[in-house]
>>> print(open('model-v5.cif').read())   # mmCIF, C-alpha atoms
data_start
loop_
_atom_site.label_atom_id
_atom_site.label_comp_id
_atom_site.auth_asym_id
_atom_site.auth_seq_id
_atom_site.Cartn_x
_atom_site.Cartn_y
_atom_site.Cartn_z
CA MET A 13 -91.13 88.23 181.52
CA ASN A 14 -92.75 86.09 184.24
CA PRO A 15 -90.06 84.46 186.42
CA ALA A 16 -92.37 81.49 186.94
CA GLU A 17 -92.49 80.68 183.21
CA PRO A 18 -89.78 78.38 181.82
CA VAL A 19 -87.33 80.08 179.46
CA LEU A 20 -84.76 78.45 177.16
CA ILE A 21 -81.69 79.99 175.55
CA TYR A 22 -81.09 78.10 172.31
CA GLY A 23 -77.55 78.70 171.09
CA LEU A 24 -74.92 80.34 173.25
CA GLY A 25 -71.89 82.08 171.79
CA ARG A 26 -71.60 85.87 172.06
CA SER A 27 -75.35 86.55 171.76
CA GLY A 28 -76.54 83.70 173.97
CA ARG A 29 -74.04 84.51 176.70
CA GLY A 30 -75.31 88.10 176.70
CA VAL A 31 -78.87 86.80 177.14
CA ALA A 32 -77.78 84.51 179.99
CA ARG A 33 -75.95 87.31 181.83
CA PHE A 34 -78.88 89.69 181.43
CA LEU A 35 -81.54 87.27 182.60
CA ALA A 36 -79.44 86.09 185.54
CA ALA A 37 -78.81 89.71 186.58
CA HIS A 38 -82.60 90.17 186.70
CA GLY A 39 -83.24 87.14 188.85
CA LEU A 40 -84.14 84.66 186.11
CA ARG A 41 -82.53 81.24 185.65
CA PRO A 42 -83.13 80.11 182.07
CA GLU A 43 -82.14 76.70 180.78
CA TRP A 44 -79.84 76.43 177.76
CA LEU A 45 -79.10 74.25 174.76
CA ASP A 46 -76.11 74.37 172.43
CA ALA A 47 -74.90 71.59 170.16
CA ARG A 48 -71.25 72.60 170.52
CA PRO A 49 -70.72 74.78 173.60
CA GLY A 50 -67.27 76.32 173.80
CA PRO A 51 -65.12 76.83 176.88
CA GLU A 52 -66.58 80.31 177.49
CA ASP A 53 -70.10 78.89 177.25
CA ASP A 54 -69.34 76.08 179.70
CA ALA A 55 -67.71 78.46 182.16
CA LEU A 56 -70.60 80.95 182.07
CA THR A 57 -73.41 78.42 182.44
CA ARG A 58 -71.50 76.78 185.30
CA ASP A 59 -70.86 80.11 187.05
CA LEU A 60 -74.51 81.13 186.71
CA GLY A 61 -75.79 77.73 187.76
CA LEU A 62 -77.87 77.22 184.61
CA GLU A 63 -79.27 73.80 183.72
CA ARG A 64 -79.18 72.18 180.29
CA GLY A 65 -82.58 72.15 178.57
CA ASP A 66 -84.53 69.69 176.44
CA PRO A 67 -86.06 70.54 173.04
CA GLN A 68 -88.96 68.19 173.77
CA ARG A 69 -89.99 70.15 176.86
CA ALA A 70 -92.57 72.93 176.95
CA TYR A 71 -91.16 76.46 177.38
CA ALA A 72 -93.03 79.77 177.35
CA THR A 73 -90.20 81.58 175.56
CA VAL A 74 -87.16 80.47 173.57
CA ILE A 75 -84.46 83.04 172.85
CA ALA A 76 -82.67 81.73 169.77
CA ALA A 77 -79.21 82.95 168.82
CA PRO A 78 -78.98 84.48 165.32
CA GLY A 79 -76.64 81.71 164.20
CA VAL A 80 -79.45 79.17 164.58
CA PRO A 81 -81.65 78.92 161.44
CA ILE A 82 -85.17 80.04 162.26
CA ASP A 83 -86.51 76.78 160.79
CA HIS A 84 -84.12 74.53 162.74
CA PRO A 85 -85.88 71.26 163.66
CA ASP A 86 -85.38 71.89 167.38
CA LEU A 87 -87.00 75.32 167.11
CA GLU A 88 -89.88 73.81 165.18
CA ALA A 89 -90.30 71.18 167.92
CA LEU A 90 -90.24 73.85 170.61
CA ARG A 91 -92.89 75.86 168.76
CA ALA A 92 -95.01 72.73 168.50
CA HIS A 93 -94.85 72.49 172.30
CA GLY A 94 -96.16 76.05 172.61
CA ALA A 95 -92.99 78.15 172.81
CA GLU A 96 -92.65 81.60 171.29
CA VAL A 97 -89.26 81.91 169.58
CA ILE A 98 -87.65 85.35 169.75
CA GLY A 99 -84.14 86.82 169.69
CA GLU A 100 -82.07 89.00 172.00
CA VAL A 101 -83.35 92.24 170.43
CA ALA A 102 -86.99 91.33 171.00
CA LEU A 103 -86.10 90.34 174.56
CA ALA A 104 -84.44 93.72 175.13
CA ALA A 105 -87.50 95.53 173.78
CA ARG A 106 -89.82 93.60 176.09
CA MET A 107 -87.67 93.96 179.18
CA ARG A 108 -87.00 97.66 178.49
CA PRO A 109 -90.19 98.80 176.73
CA HIS A 110 -89.50 102.50 177.24
CA LEU A 111 -85.97 102.43 175.81
CA PRO A 112 -85.93 104.12 172.36
CA MET A 113 -83.99 102.19 169.73
CA VAL A 114 -82.46 103.08 166.40
CA GLY A 115 -82.24 99.92 164.28
CA VAL A 116 -79.71 99.67 161.45
CA THR A 117 -79.56 96.96 158.80
CA GLY A 118 -78.24 96.54 155.26
CA THR A 119 -75.98 94.33 153.20
CA ALA A 120 -72.93 96.48 153.87
CA GLY A 121 -72.07 99.44 156.07
CA LYS A 122 -74.52 98.68 158.87
CA GLY A 123 -71.84 98.27 161.55
CA SER A 124 -70.06 101.49 160.64
CA THR A 125 -73.37 103.37 160.46
CA THR A 126 -74.46 102.00 163.84
CA VAL A 127 -71.26 103.17 165.53
CA LEU A 128 -71.45 106.56 163.79
CA ILE A 129 -75.07 107.16 164.90
CA ALA A 130 -74.18 106.37 168.51
CA HIS A 131 -71.17 108.69 168.36
CA LEU A 132 -73.21 111.57 166.93
CA LEU A 133 -75.94 111.14 169.54
CA ARG A 134 -73.39 111.16 172.35
CA GLU A 135 -71.84 114.33 170.93
CA CYS A 136 -75.35 115.83 171.07
CA GLY A 137 -75.63 115.01 174.77
CA VAL A 138 -77.64 111.78 174.50
CA ASN A 139 -76.36 108.73 176.37
CA ALA A 140 -76.45 106.38 173.38
CA ARG A 141 -74.95 102.89 173.42
CA GLU A 142 -74.39 100.66 170.40
CA GLY A 143 -74.77 96.88 170.35
CA GLY A 144 -76.49 93.96 168.69
CA ASN A 145 -74.81 92.29 165.74
CA ILE A 146 -71.63 94.14 166.66
CA ASP A 147 -69.85 94.00 170.01
CA PRO A 148 -71.12 94.25 172.65
CA PRO A 149 -74.35 92.20 172.75
CA LEU A 150 -77.34 94.53 173.00
CA LEU A 151 -78.36 93.17 176.40
CA ASP A 152 -74.98 94.17 177.83
CA VAL A 153 -75.80 97.87 177.29
CA VAL A 154 -79.57 98.39 177.56
CA ASP A 155 -79.62 98.98 181.31
CA ALA A 156 -77.18 101.89 180.98
CA ALA A 157 -78.52 103.48 177.78
CA GLU A 158 -80.81 106.42 177.15
CA VAL A 159 -80.99 105.32 173.51
CA ALA A 160 -79.85 101.97 172.07
CA VAL A 161 -78.43 101.93 168.54
CA VAL A 162 -78.74 98.38 167.27
CA GLU A 163 -77.04 96.73 164.33
CA LEU A 164 -79.53 94.16 163.01
CA SER A 165 -78.58 91.26 160.75
CA SER A 166 -81.14 89.52 158.56
CA PHE A 167 -80.97 86.57 160.98
CA GLN A 168 -81.85 88.81 163.92
CA LEU A 169 -84.71 90.39 162.00
CA GLU A 170 -86.29 86.95 161.60
CA ARG A 171 -86.89 86.83 165.36
CA VAL A 172 -88.17 90.29 166.38
CA PRO A 173 -91.98 89.93 166.36
CA GLY A 174 -93.70 93.25 166.93
CA LEU A 175 -90.48 95.25 167.35
CA ARG A 176 -91.26 98.95 167.14
CA LEU A 177 -88.35 101.20 166.17
CA PRO A 178 -88.94 104.97 166.27
CA VAL A 179 -86.03 105.26 163.83
CA ALA A 180 -84.78 102.58 161.44
CA VAL A 181 -82.07 102.64 158.78
CA ILE A 182 -81.46 100.47 155.72
CA THR A 183 -77.98 101.27 154.40
CA ASN A 184 -78.34 99.32 151.14
CA LEU A 185 -79.62 96.01 149.74
CA GLY A 186 -77.37 93.59 147.90
CA VAL A 187 -76.92 89.82 147.83
CA ASP A 188 -75.78 87.77 150.83
CA HIS A 189 -76.56 84.74 153.00
CA LEU A 190 -78.28 82.76 150.28
CA ASP A 191 -77.15 79.61 152.09
CA ARG A 192 -79.63 80.55 154.83
CA HIS A 193 -82.34 82.53 153.05
CA ARG A 194 -82.15 80.54 149.78
CA THR A 195 -83.38 83.39 147.54
CA VAL A 196 -82.52 87.06 147.19
CA GLU A 197 -86.20 87.88 147.65
CA ALA A 198 -86.33 86.09 151.02
CA TYR A 199 -83.10 87.78 152.12
CA HIS A 200 -84.46 91.22 151.20
CA ALA A 201 -87.77 90.46 152.90
CA ALA A 202 -85.88 89.72 156.12
CA LYS A 203 -84.08 93.05 155.85
CA LEU A 204 -87.24 95.01 155.05
CA ALA A 205 -88.89 93.57 158.15
CA ILE A 206 -86.98 96.22 160.12
CA THR A 207 -89.91 98.54 159.41
CA ALA A 208 -92.74 96.05 160.02
CA GLY A 209 -93.53 97.32 163.53
CA GLN A 210 -93.12 101.02 162.80
CA ASP A 211 -95.95 103.52 163.17
CA PRO A 212 -96.82 106.36 160.74
CA GLY A 213 -94.96 108.86 162.93
CA ASP A 214 -91.75 106.82 162.89
CA VAL A 215 -88.88 107.36 160.46
CA LEU A 216 -87.24 104.92 158.05
CA VAL A 217 -84.00 106.11 156.43
CA VAL A 218 -83.21 104.47 153.08
CA PRO A 219 -80.67 105.21 150.31
CA ALA A 220 -81.75 107.86 147.83
CA GLY A 221 -80.98 105.39 145.04
CA LEU A 222 -83.23 102.61 146.36
CA ASP A 223 -85.22 101.23 143.42
CA VAL A 224 -88.93 101.89 143.05
CA PRO A 225 -90.06 98.22 143.51
CA THR A 226 -88.19 98.04 146.81
CA ARG A 227 -89.74 101.30 147.99
CA ALA A 228 -93.13 99.87 147.09
CA ALA A 229 -92.31 96.69 149.02
CA LEU A 230 -91.43 98.80 152.05
CA ARG A 231 -94.93 100.25 152.01
CA SER A 232 -96.33 96.75 152.42
CA PHE A 233 -94.13 96.12 155.46
CA GLY A 234 -94.72 99.26 157.48
CA ALA A 235 -96.15 102.76 157.56
CA ALA A 236 -93.11 104.82 158.56
CA HIS A 237 -92.15 108.12 156.98
CA LEU A 238 -89.36 107.58 154.42
CA ARG A 239 -86.26 109.77 154.54
CA LEU A 240 -83.83 109.48 151.62
CA ALA A 241 -80.12 109.50 152.43
CA ASP A 242 -77.95 111.05 149.74
CA GLY A 243 -74.20 110.87 150.31
CA THR A 244 -73.61 113.87 148.03
CA GLU A 245 -75.50 116.15 150.41
CA VAL A 246 -73.28 115.74 153.51
CA LEU A 247 -69.94 117.38 154.18
CA PRO A 248 -67.64 117.46 151.16
CA VAL A 249 -65.83 114.12 150.98
CA GLY A 250 -62.53 115.87 151.65
CA ASP A 251 -63.92 117.15 154.97
CA LEU A 252 -65.06 113.72 156.16
CA PRO A 253 -62.72 111.82 158.46
CA ASP A 254 -60.68 109.11 156.77
CA GLY A 255 -62.70 105.90 156.63
CA ILE A 256 -66.18 107.49 156.98
CA HIS A 257 -68.24 106.74 153.88
CA PRO A 258 -70.45 109.62 152.63
CA ALA A 259 -73.48 107.32 152.26
CA ASN A 260 -73.11 106.09 155.85
CA ALA A 261 -72.66 109.67 157.05
CA ALA A 262 -75.81 110.80 155.24
CA ALA A 263 -77.88 107.98 156.73
CA ALA A 264 -76.46 108.57 160.21
CA LEU A 265 -77.23 112.30 160.14
CA LEU A 266 -80.85 111.70 159.12
CA ALA A 267 -81.25 109.02 161.79
CA VAL A 268 -79.79 111.28 164.49
CA GLU A 269 -82.01 114.19 163.51
CA ALA A 270 -85.05 111.88 163.65
CA MET A 271 -84.10 110.47 167.06
CA LEU A 272 -83.41 113.93 168.48
CA GLY A 273 -86.86 114.95 167.28
CA PHE A 274 -88.40 111.86 168.88
CA LEU A 275 -86.70 112.74 172.19
CA GLY A 276 -87.78 116.37 171.93
CA HIS A 277 -84.20 117.65 171.68
CA PRO A 278 -83.26 120.55 169.39
CA VAL A 279 -81.17 119.81 166.30
CA ASP A 280 -78.01 121.89 166.01
CA ALA A 281 -76.78 121.53 162.42
CA GLY A 282 -73.42 123.11 163.20
CA GLY A 283 -72.92 120.86 166.20
CA LEU A 284 -73.77 117.79 164.15
CA ALA A 285 -71.26 118.78 161.47
CA ALA A 286 -68.57 119.18 164.13
CA ALA A 287 -69.52 115.83 165.65
CA LEU A 288 -69.23 114.20 162.23
CA ARG A 289 -65.74 115.61 161.76
CA SER A 290 -64.68 114.08 165.09
CA ALA A 291 -65.92 110.60 164.17
CA ARG A 292 -63.49 107.73 163.71
CA PRO A 293 -63.98 104.65 161.53
CA VAL A 294 -64.63 101.26 163.05
CA SER A 295 -61.48 99.16 163.14
CA GLY A 296 -61.42 96.82 160.17
CA ARG A 297 -63.69 98.98 158.02
CA PHE A 298 -61.65 100.75 155.33
CA GLU A 299 -59.04 101.86 157.84
CA THR A 300 -55.67 103.30 156.88
CA VAL A 301 -53.14 101.35 158.96
CA ALA A 302 -49.78 102.45 157.52
CA HIS A 303 -47.97 104.61 154.97
CA VAL A 304 -44.74 103.74 153.20
CA GLY A 305 -43.68 106.79 151.23
CA ASP A 306 -46.67 107.70 149.06
CA VAL A 307 -48.28 104.27 149.38
CA GLN A 308 -51.27 103.95 151.70
CA PHE A 309 -52.22 100.61 153.28
CA VAL A 310 -55.99 100.24 153.78
CA GLU A 311 -57.52 97.39 155.78
CA ASP A 312 -61.09 96.41 154.90
CA SER A 313 -60.95 92.78 155.94
CA ILE A 314 -64.70 92.67 156.54
CA ALA A 315 -65.35 93.44 152.84
CA THR A 316 -66.58 90.01 151.71
CA ARG A 317 -69.86 91.13 150.11
CA THR A 318 -69.77 92.44 146.55
CA ILE A 319 -71.37 95.75 147.50
CA ALA A 320 -68.78 96.36 150.25
CA VAL A 321 -65.81 95.41 148.06
CA GLN A 322 -67.11 97.64 145.27
CA ALA A 323 -67.35 100.58 147.68
CA ALA A 324 -63.76 99.97 148.81
CA LEU A 325 -62.47 99.91 145.23
CA GLU A 326 -64.28 103.15 144.46
CA ARG A 327 -62.88 104.91 147.54
CA ALA A 328 -59.26 103.74 147.43
CA ARG A 329 -56.70 106.05 145.81
CA PRO A 330 -55.40 104.52 142.55
CA PRO A 331 -53.28 102.84 141.44
CA ILE A 332 -54.45 99.98 143.65
CA ALA A 333 -52.69 96.74 144.53
CA TRP A 334 -55.70 94.68 145.59
CA LEU A 335 -55.38 91.74 147.98
CA VAL A 336 -58.00 89.11 147.08
CA GLY A 337 -58.45 85.75 148.76
CA GLY A 338 -59.87 83.59 151.50
CA ARG A 339 -62.80 81.24 151.04
CA ASP A 340 -65.19 82.17 148.24
CA LYS A 341 -68.85 82.36 149.29
CA GLY A 342 -70.25 82.91 145.82
CA ALA A 343 -69.53 86.61 145.29
CA GLU A 344 -70.79 88.39 142.20
CA LEU A 345 -67.63 89.36 140.31
CA GLU A 346 -69.00 91.35 137.36
CA PRO A 347 -69.62 94.58 139.34
CA LEU A 348 -66.10 94.27 140.77
CA ARG A 349 -64.53 93.91 137.32
CA ALA A 350 -66.25 97.14 136.34
CA ALA A 351 -65.20 98.96 139.55
CA ALA A 352 -61.59 97.83 139.08
CA GLN A 353 -61.21 99.15 135.55
CA GLY A 354 -58.62 101.94 135.39
CA ARG A 355 -58.06 101.76 139.16
CA VAL A 356 -56.54 98.37 139.99
CA HIS A 357 -52.92 98.03 138.93
CA ARG A 358 -52.47 94.44 140.13
CA VAL A 359 -54.32 91.77 142.11
CA ILE A 360 -52.43 89.79 144.74
CA ALA A 361 -54.19 86.46 145.26
CA PHE A 362 -53.87 84.55 148.52
CA GLY A 363 -55.56 81.81 150.50
CA GLN A 364 -57.82 78.94 149.51
CA ASP A 365 -59.77 80.57 146.68
CA GLY A 366 -57.65 83.63 145.90
CA PRO A 367 -56.29 82.31 142.59
CA ALA A 368 -59.77 81.32 141.36
CA LEU A 369 -61.24 84.69 142.38
CA ALA A 370 -58.41 86.56 140.66
CA ALA A 371 -58.87 84.49 137.50
CA GLY A 372 -62.61 85.19 137.60
CA LEU A 373 -61.92 88.92 137.81
CA GLY A 374 -59.79 88.71 134.68
CA LEU A 375 -57.20 91.16 136.04
CA PRO A 376 -53.40 90.90 136.07
CA HIS A 377 -52.46 89.01 139.20
CA ASP A 378 -49.77 87.28 141.22
CA THR A 379 -50.32 84.48 143.74
CA VAL A 380 -48.65 84.12 147.12
CA SER A 381 -48.82 81.28 149.61
CA GLY A 382 -47.36 80.87 153.08
CA ALA A 383 -47.21 78.19 155.74
CA ASP A 384 -49.92 79.96 157.77
CA GLY A 385 -52.12 83.03 157.64
CA ASP A 386 -49.53 85.40 159.09
CA GLU A 387 -46.84 84.37 156.62
CA THR A 388 -49.29 84.48 153.73
CA MET A 389 -50.30 88.03 154.65
CA ARG A 390 -46.68 89.16 154.97
CA LEU A 391 -45.95 87.82 151.50
CA ALA A 392 -49.11 89.38 150.06
CA VAL A 393 -48.41 92.82 151.52
CA ARG A 394 -44.79 92.77 150.32
CA ALA A 395 -45.84 91.68 146.83
CA ALA A 396 -48.49 94.40 146.70
CA LEU A 397 -46.02 97.12 147.67
CA ASP A 398 -43.53 95.88 145.09
CA ALA A 399 -46.23 95.89 142.40
CA LEU A 400 -47.01 99.60 142.79
CA PRO A 401 -45.04 102.37 141.05
CA GLY A 402 -44.13 104.14 144.30
CA HIS A 403 -47.59 105.58 145.03
CA GLY A 404 -51.21 104.46 145.39
CA THR A 405 -52.99 102.06 147.75
CA VAL A 406 -52.46 98.54 149.00
CA LEU A 407 -56.04 97.46 149.66
CA LEU A 408 -57.21 94.43 151.61
CA ALA A 409 -60.83 93.99 150.43
CA PRO A 410 -60.62 90.23 150.08
CA ILE A 411 -64.04 89.08 148.74
CA GLY A 412 -63.52 85.70 150.43
CA THR A 413 -64.25 84.88 154.06
CA SER A 414 -61.36 84.46 156.48
CA PHE A 415 -62.04 80.93 157.66
CA ASP A 416 -59.48 79.20 155.46
CA GLN A 417 -56.45 80.59 157.36
CA PHE A 418 -57.77 82.83 160.16
CA ARG A 419 -60.13 82.66 163.13
CA ASP A 420 -62.23 85.52 161.77
CA TYR A 421 -62.02 88.71 159.70
CA LYS A 422 -60.54 90.62 162.64
CA ALA A 423 -57.61 88.19 162.91
CA ARG A 424 -57.02 88.54 159.16
CA GLY A 425 -57.15 92.33 159.45
CA ASP A 426 -54.71 92.27 162.36
CA ALA A 427 -52.29 90.17 160.30
CA PHE A 428 -52.52 92.72 157.47
CA ARG A 429 -51.93 95.57 159.91
CA ARG A 430 -48.84 93.90 161.39
CA ALA A 431 -47.45 93.10 157.95
CA ALA A 432 -47.99 96.65 156.68
CA GLN A 433 -46.57 98.35 159.76
CA ALA A 434 -43.49 96.11 159.62
CA LEU A 435 -42.66 97.81 156.30
CA VAL A 436 -42.77 101.33 157.75
CA PRO A 437 -39.25 102.79 157.85
CA ASP A 438 -37.58 103.01 161.25
CA GLY A 439 -38.48 106.22 163.06
CA ALA A 440 -41.70 106.80 161.12
CA VAL A 441 -45.06 106.53 162.88
CA PRO A 442 -47.50 104.03 161.28
CA ALA A 443 -50.96 105.35 160.45
CA GLY A 444 -53.30 104.78 163.34
CA ALA A 445 -50.45 104.60 165.87
CA SER A 446 -49.64 107.10 168.60
CA ALA A 447 -46.67 109.39 168.11
#
>>> encode(input="model-v5.cif", output="structure tokens")
Amino acid sequence: MNPAEPVLIYGLGRSGRGVARFLAAHGLRPEWLDARPGPEDDALTRDLGLERGDPQRAYATVIAAPGVPIDHPDLEALRAHGAEVIGEVALAARMRPHLPMVGVTGTAGKGSTTVLIAHLLRECGVNAREGGNIDPPLLDVVDAAEVAVVELSSFQLERVPGLRLPVAVITNLGVDHLDRHRTVEAYHAAKLAITAGQDPGDVLVVPAGLDVPTRAALRSFGAAHLRLADGTEVLPVGDLPDGIHPANAAAALLAVEAMLGFLGHPVDAGGLAAALRSARPVSGRFETVAHVGDVQFVEDSIATRTIAVQAALERARPPIAWLVGGRDKGAELEPLRAAAQGRVHRVIAFGQDGPALAAGLGLPHDTVSGADGDETMRLAVRAALDALPGHGTVLLAPIGTSFDQFRDYKARGDAFRRAAQALVPDGAVPAGASA
């Protein structure tokens, strides 16, 4: 990037702040625009000495945060003045053109798969760093990485022109973000764009069960070699660490083998199996946080997409007391009704849309309500434990987003964890805690 050319960061937040830090560290002083800058944004731009920009000015490059719709009027105006609009991932690829990247996208499981791939590569002696849609921002890690493993949302994939990924992964394709993409077809097209810049020698890992029309659509996007990930072909489920999904493990293993091949490193199957056994789940992704007698408490607060909730229901040990609530974002309930049959003992509804979601599921349910999120979660966890016959799983896979009572899904998961661990008998060690 030419230091003499004007650059604008449009949208700060976690991603935009990462862009600002990176560019400033490399001697560039971009301008910035954000409709509602927060205290962290104000402090960073002040510390770096960055000036506020103007959408009517001409810029060579605009780095737009993923939270900004790609057709935002300001971005359209900036394009009309000659700017190229990209995102942080495209910027990283241009500033570090020789850094190999593994890109991971999907409707569910992409964060867990990203972290798992990075772990396996490190266990194989490769200095891999994860970033992107998960913490930290990609630009915070690229200068220290031998390989970057990047979680890519559909929003990020709208702003990566020409991105070449030697290895790419699509974990699955469901329904999400129709408020931004408007149609399922447009949403899937954004996801499939992960392979658009791949060459014939590159590798694209997709689920073995991906339908034929989608496979055909992939051929129109890129030319990469397809590898099919089958969760039944990895370690027996009983040998996988708690919280590691077989489908994610299968995709991660294929991606790691492909990246090792790209780097010219040998593949040690036994070493990879050992590395997989040492993996740990990402906090907030189907994580066991406590046991009370023979009842397991599983936190999957991030499970707000139908495909992710369905996976949680299928993995949890029945009978299940299922915590459902938050703010409904239009989830498909029919697949969840089917997944719950014979497994869910009772639904505990909480939050703004919990009762409506529970009624839509058509399952036996109770409703709890507290003065705030913490109290609501304490009541929900207690009601769930009381509903079980002394064994089974209390599962937080809420369907709804967290923004009715919590700052984000992590805060909701933390409230569940505290509530569950408060029920652990004195002297016992909660799951996930140190003895």
>>> resolve_selection(input="model-v5.cif", expression="the PyMOL selection byres ((chain A and resi 240) around 6)", output="number ranges by chain")
A: 217-220, 239, 241
>>> write_last_selection(input="model-v5.cif", atoms="C-alpha atoms", output="PDB file, keeping the file's coordinate frame")
ATOM      1  CA  VAL A 217     -84.000 106.110 156.430  1.00  0.00           C
ATOM      2  CA  VAL A 218     -83.210 104.470 153.080  1.00  0.00           C
ATOM      3  CA  PRO A 219     -80.670 105.210 150.310  1.00  0.00           C
ATOM      4  CA  ALA A 220     -81.750 107.860 147.830  1.00  0.00           C
ATOM      5  CA  ARG A 239     -86.260 109.770 154.540  1.00  0.00           C
ATOM      6  CA  ALA A 241     -80.120 109.500 152.430  1.00  0.00           C
TER       7      ALA A 241
END
>>> closest_residue(input="model-v5.cif", among="A:Ala202, A:Leu408, A:Leu20, A:Ala236", to="A:Arg297", atoms="only C-alpha atoms")
A:Leu408
>>> closest_residue(input="model-v5.cif", among="A:Gly385, A:Pro347, A:Gly372, A:Pro330", to="A:Leu400", atoms="all atoms listed in the file")
A:Pro330
>>> atom_distance(input="model-v5.cif", atom1="atom CA of A:Gly23", atom2="atom CA of A:Arg48")
8.8 Å
>>> closest_atom_pairs(input="model-v5.cif", of="stretch 59-158 of chain A", to="stretch 313-320 of chain A", cutoff="9 Å", atoms="all atoms listed in the file", output="tab-separated table")
residue	atom	partner	partner_atom	distance
A:Thr119	CA	A:Ile319	CA	7.5
A:Ala120	CA	A:Ala320	CA	5.5
A:Gly121	CA	A:Ala320	CA	7.4
>>> residues_around(input="model-v5.cif", residues="stretch 172-187 of chain A", least_positions_apart="5", cutoff="8 Å", atoms="only C-alpha atoms", output="PyMOL selection string")
chain A and resi 98-99+101-102+105+112-122+125+196+199-200+203-204+206-211+213-219+222+259-260+263+267+270-271+274+317-319
>>> residues_around(input="model-v5.cif", residues="A:Pro293", least_positions_apart="5", cutoff="7 Å", atoms="all atoms listed in the file", output="list in words")
Ser124, Gly255, Ile256 and Glu299 of chain A
>>> atom_distance(input="model-v5.cif", atom1="atom CA of A:Phe309", atom2="atom CA of A:Thr244")
25.7 Å
